[in-house]
file coords-v7.txt (compact mmCIF, C-alpha atoms)
# COMPACT_ATOMS: atom_id res chain seq x y z
CA MET Z 1 -57.96 99.30 78.59
CA THR Z 2 -54.77 101.10 77.90
CA LEU Z 3 -52.93 100.94 74.63
CA LYS Z 4 -50.06 99.16 76.33
CA THR Z 5 -52.34 96.38 77.63
CA THR Z 6 -53.93 95.95 74.22
CA VAL Z 7 -50.53 95.66 72.55
CA VAL Z 8 -49.43 93.08 75.12
CA ILE Z 9 -52.58 90.99 74.62
CA VAL Z 10 -52.36 91.10 70.84
CA SER Z 11 -48.66 90.25 70.79
CA LEU Z 12 -49.20 87.44 73.30
CA ALA Z 13 -52.00 86.02 71.15
CA ALA Z 14 -49.73 86.21 68.11
CA VAL Z 15 -46.90 84.44 69.94
CA LEU Z 16 -49.13 81.71 71.37
CA SER Z 17 -50.78 81.06 68.03
CA ALA Z 18 -47.35 80.03 66.76
CA CYS Z 19 -47.38 77.28 69.40
CA GLU Z 20 -50.53 75.73 67.99
CA LYS Z 21 -49.86 72.41 66.35
CA PRO Z 22 -51.54 72.21 62.95
CA GLN Z 23 -54.56 69.97 63.34
CA VAL Z 24 -55.08 67.54 60.52
CA ALA Z 25 -58.01 65.16 60.62
CA GLN Z 26 -56.49 61.68 60.57
CA THR Z 27 -58.43 59.12 58.62
CA ARG Z 28 -57.81 55.43 58.52
CA LYS Z 29 -55.45 54.31 55.79
CA ALA Z 30 -56.35 51.59 53.32
CA ASP Z 31 -54.55 48.29 53.87
CA ALA Z 32 -52.99 46.16 51.15
CA GLN Z 33 -54.20 42.61 50.63
CA PRO Z 34 -52.01 39.97 52.26
CA TRP Z 35 -51.89 37.98 49.03
CA SER Z 36 -50.20 40.90 47.31
CA GLY Z 37 -46.99 39.79 49.03
CA THR Z 38 -44.40 41.48 51.18
CA SER Z 39 -41.74 44.02 50.41
CA GLU Z 40 -39.23 41.60 51.96
CA PRO Z 41 -39.49 38.55 49.67
CA ALA Z 42 -36.52 36.94 51.43
CA PHE Z 43 -38.83 36.19 54.36
CA ALA Z 44 -41.71 34.87 52.24
CA ALA Z 45 -42.56 31.19 52.38
CA SER Z 46 -42.13 29.25 49.16
CA GLY Z 47 -44.96 27.48 47.40
CA TRP Z 48 -47.13 30.38 46.35
CA LYS Z 49 -47.00 33.38 44.01
CA ALA Z 50 -47.30 36.91 45.38
CA GLY Z 51 -50.22 38.75 43.77
CA ASP Z 52 -52.17 35.56 43.07
CA GLU Z 53 -55.08 35.33 45.51
CA ARG Z 54 -55.90 31.68 44.69
CA SER Z 55 -52.32 30.64 45.20
CA TRP Z 56 -52.19 32.45 48.57
CA GLU Z 57 -55.41 30.82 49.77
CA GLU Z 58 -54.08 27.41 48.75
CA GLN Z 59 -50.87 28.19 50.62
CA MET Z 60 -52.90 29.07 53.74
CA ARG Z 61 -54.81 25.80 53.56
CA ASN Z 62 -51.66 23.75 53.02
CA ARG Z 63 -49.81 25.57 55.75
CA ALA Z 64 -52.64 24.98 58.23
CA GLN Z 65 -52.29 21.24 57.68
CA GLY Z 66 -48.91 21.55 59.41
CA GLN Z 67 -50.97 21.86 62.60
CA ASN Z 68 -52.81 18.63 61.88
CA GLU Z 69 -50.83 15.71 63.26
CA TYR Z 70 -53.37 13.27 61.78
CA ALA Z 71 -52.28 14.47 58.35
CA ARG Z 72 -48.61 14.01 59.25
CA ALA Z 73 -48.78 10.62 60.96
CA ALA Z 74 -50.79 7.62 59.84
CA VAL Z 75 -53.94 7.17 61.95
CA LYS Z 76 -54.46 3.63 63.26
CA MET A 1 -62.21 33.43 50.72
CA ALA A 2 -60.35 32.45 53.85
CA ARG A 3 -61.83 33.54 57.17
CA MET A 4 -59.10 33.55 59.76
CA LYS A 5 -59.80 32.18 63.23
CA PHE A 6 -58.00 30.93 66.32
CA ILE A 7 -59.12 28.00 68.44
CA CYS A 8 -57.43 26.69 71.58
CA ASP A 9 -57.87 23.08 72.60
CA ALA A 10 -58.12 23.17 76.41
CA GLU A 11 -57.48 19.40 76.58
CA ARG A 12 -54.05 19.90 75.07
CA CYS A 13 -52.78 23.24 76.38
CA ILE A 14 -50.06 22.59 78.97
CA GLU A 15 -49.58 26.24 79.96
CA CYS A 16 -46.04 26.31 78.58
CA ASN A 17 -46.49 29.91 77.39
CA GLY A 18 -44.69 29.06 74.16
CA CYS A 19 -47.34 30.99 72.23
CA VAL A 20 -46.81 34.06 74.40
CA THR A 21 -43.06 33.87 73.89
CA ALA A 22 -43.37 33.29 70.14
CA CYS A 23 -45.61 36.36 69.83
CA LYS A 24 -43.32 38.52 71.94
CA ALA A 25 -40.24 37.51 69.96
CA GLU A 26 -41.84 37.68 66.52
CA HIS A 27 -43.18 41.22 66.95
CA ASP A 28 -40.74 42.71 69.46
CA VAL A 29 -43.68 43.43 71.73
CA PRO A 30 -42.63 45.88 74.46
CA TRP A 31 -42.45 45.07 78.15
CA GLY A 32 -45.85 45.20 79.82
CA VAL A 33 -47.80 44.47 76.64
CA ASN A 34 -49.15 40.96 76.19
CA ARG A 35 -50.90 40.39 72.92
CA ARG A 36 -51.46 36.79 73.99
CA ARG A 37 -51.82 35.25 77.45
CA VAL A 38 -52.39 31.78 78.86
CA VAL A 39 -55.26 31.65 81.36
CA THR A 40 -55.59 28.66 83.71
CA LEU A 41 -58.82 27.68 85.40
CA ASN A 42 -58.72 25.74 88.69
CA ASP A 43 -54.96 26.09 88.81
CA GLY A 44 -53.34 23.31 90.85
CA VAL A 45 -56.50 21.24 91.07
CA PRO A 46 -56.62 17.89 89.20
CA GLY A 47 -58.36 18.51 85.93
CA GLU A 48 -57.20 22.11 85.64
CA ARG A 49 -57.61 23.63 82.21
CA SER A 50 -55.50 26.20 80.41
CA ILE A 51 -56.41 28.22 77.38
CA SER A 52 -54.41 30.64 75.27
CA VAL A 53 -56.24 33.92 74.77
CA ALA A 54 -55.67 36.85 72.42
CA CYS A 55 -57.81 38.93 70.10
CA MET A 56 -60.44 36.57 68.70
CA HIS A 57 -60.95 38.71 65.59
CA CYS A 58 -64.69 38.80 66.25
CA SER A 59 -67.11 38.84 63.35
CA ASP A 60 -69.07 41.59 65.12
CA ALA A 61 -66.23 43.16 67.06
CA PRO A 62 -67.30 45.29 70.04
CA CYS A 63 -64.02 47.23 69.89
CA MET A 64 -64.95 48.41 66.41
CA ALA A 65 -68.41 49.38 67.60
CA VAL A 66 -67.24 51.60 70.45
CA CYS A 67 -64.13 53.22 68.94
CA PRO A 68 -64.85 56.98 68.84
CA VAL A 69 -62.29 57.65 66.09
CA ASP A 70 -63.12 54.63 63.93
CA CYS A 71 -59.55 53.35 63.83
CA PHE A 72 -60.54 49.67 63.44
CA TYR A 73 -61.15 47.81 60.23
CA ARG A 74 -61.73 44.22 59.20
CA THR A 75 -59.80 42.72 56.32
CA ASP A 76 -61.35 40.49 53.68
CA GLU A 77 -59.87 37.55 55.59
CA GLY A 78 -61.82 38.50 58.73
CA VAL A 79 -58.83 39.86 60.66
CA VAL A 80 -59.63 42.84 62.89
CA LEU A 81 -56.86 45.42 62.67
CA HIS A 82 -56.45 49.06 63.63
CA ASP A 83 -54.59 52.15 62.52
CA LYS A 84 -52.30 53.42 65.27
CA ASP A 85 -51.99 56.80 63.59
CA VAL A 86 -55.71 57.33 64.20
CA CYS A 87 -55.96 55.69 67.66
CA ILE A 88 -56.12 58.23 70.50
CA GLY A 89 -55.50 55.71 73.29
CA CYS A 90 -58.84 56.35 75.00
CA GLY A 91 -59.27 52.76 76.18
CA TYR A 92 -62.92 52.29 75.19
CA CYS A 93 -61.99 49.17 73.22
CA SER A 94 -60.39 47.73 76.34
CA TYR A 95 -63.66 48.04 78.27
CA ALA A 96 -65.68 46.65 75.38
CA CYS A 97 -63.52 43.60 74.63
CA PRO A 98 -64.66 40.47 76.52
CA PHE A 99 -61.21 38.89 76.10
CA GLY A 100 -59.04 41.73 77.40
CA ALA A 101 -57.23 41.82 74.07
CA PRO A 102 -56.47 45.56 73.74
CA GLN A 103 -53.22 46.46 75.46
CA PHE A 104 -51.83 49.89 76.26
CA PRO A 105 -48.11 50.48 76.53
CA THR A 106 -47.17 52.84 79.32
CA ASN A 107 -44.15 55.06 79.24
CA GLY A 108 -42.72 58.00 81.10
CA THR A 109 -42.63 58.71 84.80
CA PHE A 110 -46.38 59.02 85.09
CA GLY A 111 -47.21 55.97 83.02
CA LEU A 112 -48.65 57.85 80.06
CA ARG A 113 -51.03 55.57 78.23
CA GLY A 114 -49.94 55.02 74.66
CA LYS A 115 -51.78 53.90 71.58
CA MET A 116 -53.59 50.60 71.72
CA ASP A 117 -51.76 47.45 70.73
CA LYS A 118 -53.28 44.02 70.15
CA CYS A 119 -52.90 40.76 68.29
CA THR A 120 -52.86 41.36 64.54
CA PHE A 121 -53.17 37.68 63.56
CA CYS A 122 -49.64 38.36 62.31
CA ALA A 123 -51.18 40.51 59.57
CA GLY A 124 -49.46 43.82 60.40
CA GLY A 125 -51.39 47.03 59.87
CA PRO A 126 -52.34 49.52 57.20
CA GLU A 127 -48.74 50.40 56.35
CA ALA A 128 -47.15 48.76 53.30
CA ASN A 129 -46.79 44.98 53.76
CA GLY A 130 -43.43 44.11 55.26
CA SER A 131 -42.27 47.75 55.46
CA ASP A 132 -40.17 49.09 58.31
CA ALA A 133 -43.04 51.37 59.36
CA GLU A 134 -45.40 48.40 59.62
CA ASN A 135 -42.84 46.34 61.48
CA GLU A 136 -42.19 49.12 63.98
CA LYS A 137 -45.85 49.78 64.74
CA TYR A 138 -47.48 46.37 64.40
CA GLY A 139 -44.75 43.75 64.05
CA ARG A 140 -44.23 41.14 61.37
CA ASN A 141 -46.76 40.58 58.60
CA ARG A 142 -46.58 36.81 58.33
CA LEU A 143 -49.79 36.48 56.32
CA ALA A 144 -48.21 38.52 53.53
CA GLU A 145 -45.26 36.13 53.72
CA GLY A 146 -47.56 33.16 53.17
CA LYS A 147 -47.31 32.02 56.78
CA LEU A 148 -49.75 31.60 59.65
CA PRO A 149 -49.53 33.27 63.09
CA ALA A 150 -46.33 32.43 64.96
CA CYS A 151 -48.16 31.48 68.17
CA ALA A 152 -50.18 28.74 66.47
CA GLU A 153 -47.35 27.45 64.32
CA MET A 154 -45.00 27.31 67.31
CA CYS A 155 -47.44 25.56 69.68
CA SER A 156 -45.66 22.41 70.83
CA THR A 157 -48.81 20.41 71.60
CA LYS A 158 -50.79 21.89 68.71
CA ALA A 159 -53.36 23.07 71.24
CA LEU A 160 -53.56 26.46 69.60
CA LEU A 161 -54.76 26.27 66.01
CA GLY A 162 -54.89 29.27 63.70
CA GLY A 163 -55.83 29.74 60.09
CA ASP A 164 -58.81 29.49 57.78
CA GLY A 165 -61.79 28.76 60.03
CA ASP A 166 -63.02 25.84 57.90
CA VAL A 167 -59.62 24.13 57.89
CA VAL A 168 -59.06 24.68 61.60
CA ALA A 169 -62.53 23.34 62.41
CA ASP A 170 -61.83 20.21 60.33
CA ILE A 171 -58.55 19.60 62.15
CA PHE A 172 -60.24 19.99 65.53
CA ARG A 173 -63.18 17.79 64.57
CA THR A 174 -60.90 14.97 63.41
CA ARG A 175 -58.96 15.21 66.65
CA VAL A 176 -62.02 15.06 68.88
CA LEU A 177 -63.41 12.08 66.98
CA GLN A 178 -60.11 10.24 67.40
CA ARG A 179 -59.55 10.86 71.06
CA GLY A 180 -63.09 10.56 72.35
CA LYS A 181 -64.50 12.58 75.20
CA GLY A 182 -64.75 12.78 78.99
CA SER A 183 -62.79 10.08 80.85
CA GLU A 184 -61.53 8.69 77.54
CA VAL A 185 -59.42 11.82 77.17
CA TRP A 186 -58.00 12.40 80.62
CA GLY A 187 -57.03 9.86 83.23
CA TRP A 188 -54.99 6.83 84.22
CA GLY A 189 -56.59 4.52 81.70
CA THR A 190 -55.72 6.79 78.81
CA ALA A 191 -52.14 7.24 79.94
CA TYR A 192 -51.27 3.68 81.06
CA GLY A 193 -53.98 1.44 79.71
CA LYS A 194 -56.98 -0.06 81.45
CA PRO A 195 -56.25 -1.86 84.77
CA THR A 196 -56.12 -5.64 84.36
CA GLY A 197 -56.97 -6.42 87.97
CA THR A 198 -53.89 -8.61 88.55
CA LYS A 199 -51.21 -7.73 91.08
CA SER A 200 -47.65 -7.52 89.91
call {"tool": "encode", "arguments": {"input": "coords-v7.txt", "output": "structure tokens"}}
result
Amino acid sequence: MTLKTTVVIVSLAAVLSACEKPQVAQTRKADAQPWSGTSEPAFAASGWKAGDERSWEEQMRNRAQGQNEYARAAVK
Amino acid sequence: MARMKFICDAERCIECNGCVTACKAEHDVPWGVNRRRVVTLNDGVPGERSISVACMHCSDAPCMAVCPVDCFYRTDEGVVLHDKDVCIGCGYCSYACPFGAPQFPTNGTFGLRGKMDKCTFCAGGPEANGSDAENEKYGRNRLAEGKLPACAEMCSTKALLGGDGDVVADIFRTRVLQRGKGSEVWGWGTAYGKPTGTKS
């Protein structure tokens, strides 16, 4: 192998190594609890307190009753 | 602790696709991706049944089991979510899911398969609740706003129920006890009353 070829290979390797994207092992991020509230409080439903788990669970139960027509209209 | 579940009442679903539209609009779901679909059995035949299908947030989710990069997680409320920054778009979850829930957006001339997208039970993803990053990747986080999934809350016939599994089961049980079963539910007699046998 001539000196010229060696120089070309080494310089090519150096140039191509610059193209390599740094590889970072991605790991799953931790999620916040839904009862901790949202960063957009203007969109939050009223009737519960952000950060209070009990209050959020109660809100979920009450909200689900909106899907229960037997709770909204008297059953004969 | 709430354990979130969906249930679709096939006796009530009228295939209006309101749930599909609500989901699309709420989360700005891109063209070609359907987080929720309405499936009709025996379409056009008397007695046809429709059911709204999306991710069922399985207790033992097969998508979680097969994911090679472990991008799925289950919240304390039983909602199965995933991290799109970790997803590699391999499609294993799509083959594993019995409901066809995982969706893959395609883009570019050659239809490059993007990162998986699916129903989040309106609970967003691992980004900060209600942040722009979460909204862009996963859509609205209605649970953190104290609301239930848009599809269930928007259902006009209340066929699709969503929320704490115990509460939803109670609602459904009450309904079934009230309306009866079999021919009591569907038919001429239910709609117009029992025939009297006299000619008008």
call {"tool": "interface_residues", "arguments": {"input": "coords-v7.txt", "of": "chain Z", "to": "chain A", "cutoff": "6 Å", "atoms": "all atoms listed in the file", "output": "list of chain:residue names"}}
result
Z:Gln26, Z:Arg28, Z:Lys29, Z:Ala30, Z:Asp31, Z:Pro34, Z:Trp35, Z:Gly37, Z:Thr38, Z:Ser39, Z:Glu40, Z:Ala44, Z:Ala45, Z:Asn68
call {"tool": "residues_around", "arguments": {"input": "coords-v7.txt", "residues": "range 41-49 of chain A", "least_positions_apart": "3", "cutoff": "8 Å", "atoms": "only C-alpha atoms", "output": "PDB file with C-alpha atoms, in the frame of the given file"}}
result
ATOM      1  CA  ALA A  10     -58.120  23.170  76.410  1.00  0.00           C
ATOM      2  CA  GLU A  11     -57.480  19.400  76.580  1.00  0.00           C
ATOM      3  CA  CYS A  13     -52.780  23.240  76.380  1.00  0.00           C
TER       4      CYS A  13
END
call {"tool": "closest_residue", "arguments": {"input": "coords-v7.txt", "among": "A:Gly193, A:Gly182, A:Gly139, A:Gly114", "to": "Gly32 in chain A", "atoms": "all atoms listed in the file"}}
result
A:Gly114
call {"tool": "atom_distance", "arguments": {"input": "coords-v7.txt", "atom1": "CA of Asn34 in chain A", "atom2": "CA of Phe99 in chain A"}}
result
12.2 Å
call {"tool": "atom_distance", "arguments": {"input": "coords-v7.txt", "atom1": "CA of Val80 in chain A", "atom2": "CA of Asp9 in chain A"}}
result
22.1 Å
call {"tool": "closest_residue", "arguments": {"input": "coords-v7.txt", "among": "Z:Leu16, Z:Arg63, Z:Tyr70, Z:Val24", "to": "Leu177 in chain A", "atoms": "all atoms listed in the file"}}
result
Z:Tyr70
call {"tool": "residues_around", "arguments": {"input": "coords-v7.txt", "residues": "Pro30 in chain A", "least_positions_apart": "5", "cutoff": "12 Å", "atoms": "only C-alpha atoms", "output": "VMD selection string"}}
result
chain A and resid 23 to 25 35 103 to 107 114 117 to 118 136 to 139
call {"tool": "residues_around", "arguments": {"input": "coords-v7.txt", "residues": "Asn17 in chain A", "least_positions_apart": "4", "cutoff": "8 Å", "atoms": "all atoms listed in the file", "output": "list of chain:residue names"}}
result
A:Thr21, A:Arg37, A:Val38
call {"tool": "residues_near_point", "arguments": {"input": "coords-v7.txt", "point": "(-61.4, 36.0, 63.7)", "cutoff": "6 Å", "atoms": "all atoms listed in the file", "output": "ChimeraX atom specification"}}
result
/A:4-5,56-58,78-79
call {"tool": "atom_distance", "arguments": {"input": "coords-v7.txt", "atom1": "CA of Pro22 in chain Z", "atom2": "CA of Cys63 in chain A"}}
result
28.8 Å
call {"tool": "build_atoms", "arguments": {"input": "coords-v7.txt", "residues": "range 4-29 of chain A", "atoms": "N, CA and C atoms", "output": "PDB file, in the frame of the given file"}}
result
ATOM      1  N   MET A   4     -60.092  33.937  58.778  1.00  0.00           N
ATOM      2  CA  MET A   4     -59.100  33.550  59.760  1.00  0.00           C
ATOM      3  C   MET A   4     -59.678  33.468  61.177  1.00  0.00           C
ATOM      4  N   LYS A   5     -59.336  32.389  61.860  1.00  0.00           N
ATOM      5  CA  LYS A   5     -59.800  32.180  63.230  1.00  0.00           C
ATOM      6  C   LYS A   5     -58.736  31.457  64.058  1.00  0.00           C
ATOM      7  N   PHE A   6     -58.799  31.694  65.358  1.00  0.00           N
ATOM      8  CA  PHE A   6     -58.000  30.930  66.320  1.00  0.00           C
ATOM      9  C   PHE A   6     -58.920  29.985  67.063  1.00  0.00           C
ATOM     10  N   ILE A   7     -58.400  28.835  67.482  1.00  0.00           N
ATOM     11  CA  ILE A   7     -59.120  28.000  68.440  1.00  0.00           C
ATOM     12  C   ILE A   7     -58.081  27.362  69.344  1.00  0.00           C
ATOM     13  N   CYS A   8     -58.376  27.316  70.638  1.00  0.00           N
ATOM     14  CA  CYS A   8     -57.430  26.690  71.580  1.00  0.00           C
ATOM     15  C   CYS A   8     -58.088  25.461  72.184  1.00  0.00           C
ATOM     16  N   ASP A   9     -57.390  24.351  72.077  1.00  0.00           N
ATOM     17  CA  ASP A   9     -57.870  23.080  72.600  1.00  0.00           C
ATOM     18  C   ASP A   9     -57.460  22.975  74.068  1.00  0.00           C
ATOM     19  N   ALA A  10     -58.425  23.157  74.968  1.00  0.00           N
ATOM     20  CA  ALA A  10     -58.120  23.170  76.410  1.00  0.00           C
ATOM     21  C   ALA A  10     -57.643  21.810  76.908  1.00  0.00           C
ATOM     22  N   GLU A  11     -57.950  20.737  76.175  1.00  0.00           N
ATOM     23  CA  GLU A  11     -57.480  19.400  76.580  1.00  0.00           C
ATOM     24  C   GLU A  11     -55.989  19.238  76.329  1.00  0.00           C
ATOM     25  N   ARG A  12     -55.453  20.069  75.451  1.00  0.00           N
ATOM     26  CA  ARG A  12     -54.050  19.900  75.070  1.00  0.00           C
ATOM     27  C   ARG A  12     -53.122  20.958  75.640  1.00  0.00           C
ATOM     28  N   CYS A  13     -53.648  22.142  75.927  1.00  0.00           N
ATOM     29  CA  CYS A  13     -52.780  23.240  76.380  1.00  0.00           C
ATOM     30  C   CYS A  13     -52.130  22.864  77.711  1.00  0.00           C
ATOM     31  N   ILE A  14     -50.795  22.968  77.756  1.00  0.00           N
ATOM     32  CA  ILE A  14     -50.060  22.590  78.970  1.00  0.00           C
ATOM     33  C   ILE A  14     -49.490  23.830  79.668  1.00  0.00           C
ATOM     34  N   GLU A  15     -49.977  24.989  79.316  1.00  0.00           N
ATOM     35  CA  GLU A  15     -49.580  26.240  79.960  1.00  0.00           C
ATOM     36  C   GLU A  15     -48.071  26.466  79.867  1.00  0.00           C
ATOM     37  N   CYS A  16     -47.486  26.131  78.730  1.00  0.00           N
ATOM     38  CA  CYS A  16     -46.040  26.310  78.580  1.00  0.00           C
ATOM     39  C   CYS A  16     -45.694  27.754  78.229  1.00  0.00           C
ATOM     40  N   ASN A  17     -46.679  28.504  77.783  1.00  0.00           N
ATOM     41  CA  ASN A  17     -46.490  29.910  77.390  1.00  0.00           C
ATOM     42  C   ASN A  17     -45.585  30.064  76.164  1.00  0.00           C
ATOM     43  N   GLY A  18     -45.462  28.987  75.394  1.00  0.00           N
ATOM     44  CA  GLY A  18     -44.690  29.060  74.160  1.00  0.00           C
ATOM     45  C   GLY A  18     -45.303  30.029  73.172  1.00  0.00           C
ATOM     46  N   CYS A  19     -46.637  30.076  73.136  1.00  0.00           N
ATOM     47  CA  CYS A  19     -47.340  30.990  72.230  1.00  0.00           C
ATOM     48  C   CYS A  19     -47.077  32.441  72.606  1.00  0.00           C
ATOM     49  N   VAL A  20     -47.057  32.696  73.905  1.00  0.00           N
ATOM     50  CA  VAL A  20     -46.810  34.060  74.400  1.00  0.00           C
ATOM     51  C   VAL A  20     -45.398  34.489  74.009  1.00  0.00           C
ATOM     52  N   THR A  21     -44.454  33.574  74.195  1.00  0.00           N
ATOM     53  CA  THR A  21     -43.060  33.870  73.890  1.00  0.00           C
ATOM     54  C   THR A  21     -42.859  34.064  72.384  1.00  0.00           C
ATOM     55  N   ALA A  22     -43.494  33.193  71.600  1.00  0.00           N
ATOM     56  CA  ALA A  22     -43.370  33.290  70.140  1.00  0.00           C
ATOM     57  C   ALA A  22     -43.884  34.651  69.659  1.00  0.00           C
ATOM     58  N   CYS A  23     -45.005  35.079  70.212  1.00  0.00           N
ATOM     59  CA  CYS A  23     -45.610  36.360  69.830  1.00  0.00           C
ATOM     60  C   CYS A  23     -44.700  37.518  70.210  1.00  0.00           C
ATOM     61  N   LYS A  24     -44.204  37.458  71.437  1.00  0.00           N
ATOM     62  CA  LYS A  24     -43.320  38.520  71.940  1.00  0.00           C
ATOM     63  C   LYS A  24     -42.087  38.659  71.051  1.00  0.00           C
ATOM     64  N   ALA A  25     -41.495  37.502  70.726  1.00  0.00           N
ATOM     65  CA  ALA A  25     -40.240  37.510  69.960  1.00  0.00           C
ATOM     66  C   ALA A  25     -40.479  37.925  68.515  1.00  0.00           C
ATOM     67  N   GLU A  26     -41.572  37.428  67.939  1.00  0.00           N
ATOM     68  CA  GLU A  26     -41.840  37.680  66.520  1.00  0.00           C
ATOM     69  C   GLU A  26     -42.083  39.171  66.243  1.00  0.00           C
ATOM     70  N   HIS A  27     -42.757  39.827  67.197  1.00  0.00           N
ATOM     71  CA  HIS A  27     -43.180  41.220  66.950  1.00  0.00           C
ATOM     72  C   HIS A  27     -42.431  42.241  67.799  1.00  0.00           C
ATOM     73  N   ASP A  28     -41.440  41.783  68.563  1.00  0.00           N
ATOM     74  CA  ASP A  28     -40.740  42.710  69.460  1.00  0.00           C
ATOM     75  C   ASP A  28     -41.733  43.502  70.304  1.00  0.00           C
ATOM     76  N   VAL A  29     -42.641  42.780  70.916  1.00  0.00           N
ATOM     77  CA  VAL A  29     -43.680  43.430  71.730  1.00  0.00           C
ATOM     78  C   VAL A  29     -43.027  43.996  72.991  1.00  0.00           C
TER      79      VAL A  29
END
